[in-house]
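Inspection log for the structure reproduced underneath, given as structure tokens.
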Amino acid sequence: QVQLVESGGGLVQAGGSLRLSCAASGDIFNINFMGWYRQPPGKQRELVAHISRPGSTNYADSVKGRFTISRDNAKNTVYLQMNSLRPEDTGVYYCNFRSYIGTHYWGQGTQVTVSS
């Protein structure tokens with residue numbers, strides 16, 4: 001089992017920045033991908049970014065150039081630095097870890113609201 005605890009959400013004006021953190025504990029040595037999803041109001045959950053164990057990254061087209069995913073292996077923590085935020089970035093952001101056999105683990109979610 002893997003436990004994930006997110007922090008860092010909040011209310012910010014358009015153009016502002018936020019950094020989300022996801023602290024992991026448990027059976028993390030079986031994890032292959034670490035990432036962030038978001039669920040905008042009234043819409044389905046979507047991938048924002050992920051980083052693989054070797055360190056390769058992938059981003060949704062809508063956030064490329066504005067968001068950066070990173071990790072601190074010593075702290076078992078994954079970060080999402082969000083710059084140049086837009087109102088359409090509003091939603092609940094979820095940390096996600098995926099194991100080598102495809103098991104998904106989710107955090108509780110953190111609200112990000114971007115005002116225009």
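Going by the structure tokens order, chains are called A, B, ..., each with residues numbered from 1, while ligands are numbered from 1 in the order shown.
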Exercise for review: Determine, counting only C-alpha atoms, which protein, DNA and RNA residues have an atom within 12 Å of an atom of Gln39 (chain A); residues of the same chain fewer than 4 positions away are not included. Present the result as a count of residues only.
Suggested key: 19
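If you count only C-alpha atoms and ignore residues fewer than 4 places along the chain from region 101-106 of chain A, what sits within 9 Å of it is Gln1, Val2, Gln3, Leu4, Val5, Asn30, Ile31, Asn32, Tyr94, Cys95, Asn96 and Phe97 of chain A.
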Practice item. Extract, using only C-alpha atoms, all DNA, RNA and protein residues at most 7 Å from region 51-55 of chain A, discarding same-chain residues fewer than 3 positions from it, and format them as JSON, numbers by chain. Key: {"A": [32, 33, 34, 35, 58, 69]}
Grab the residues selected above and save them as an mmCIF file, in the first residue's frame with C-alpha atoms.
```cif
data_model
loop_
_atom_site.group_PDB
_atom_site.id
_atom_site.type_symbol
_atom_site.label_atom_id
_atom_site.label_comp_id
_atom_site.auth_asym_id
_atom_site.auth_seq_id
_atom_site.Cartn_x
_atom_site.Cartn_y
_atom_site.Cartn_z
ATOM 1 C CA ASN A 32 6.858 3.284 -11.662
ATOM 2 C CA PHE A 33 5.100 6.612 -12.306
ATOM 3 C CA MET A 34 4.311 9.561 -10.074
ATOM 4 C CA GLY A 35 2.089 12.346 -11.213
ATOM 5 C CA ASN A 58 5.197 14.036 -19.650
ATOM 6 C CA ILE A 69 6.853 18.298 -12.152
#
```
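If you look at CA of Ala24 (chain A) and CA of Gly8 (chain A), they are 14.8 Å away from each other.
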Point to revise | Which of A:Val63, A:Met82, A:Ser70, A:Ser115 sits closest to Gly9 (chain A) [using only C-alpha atoms] | key: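 Checking each candidate against Gly9 (chain A), we get A:Met82 as the closest.
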Point to revise | Residue with smallest distance to Ala23 (chain A) - pool A:Tyr100, A:Gln81, A:Asp61, A:Arg71, counting only C-alpha atoms | key: A:Arg71
Check your understanding: How would you write, as JSON, numbers by chain, the set of residues in chain A that DSSP gives as helix (DSSP H, G or I)?
Key -> {"A": [28, 29, 30, 61, 62, 63, 73, 74, 75, 87, 88, 89]}
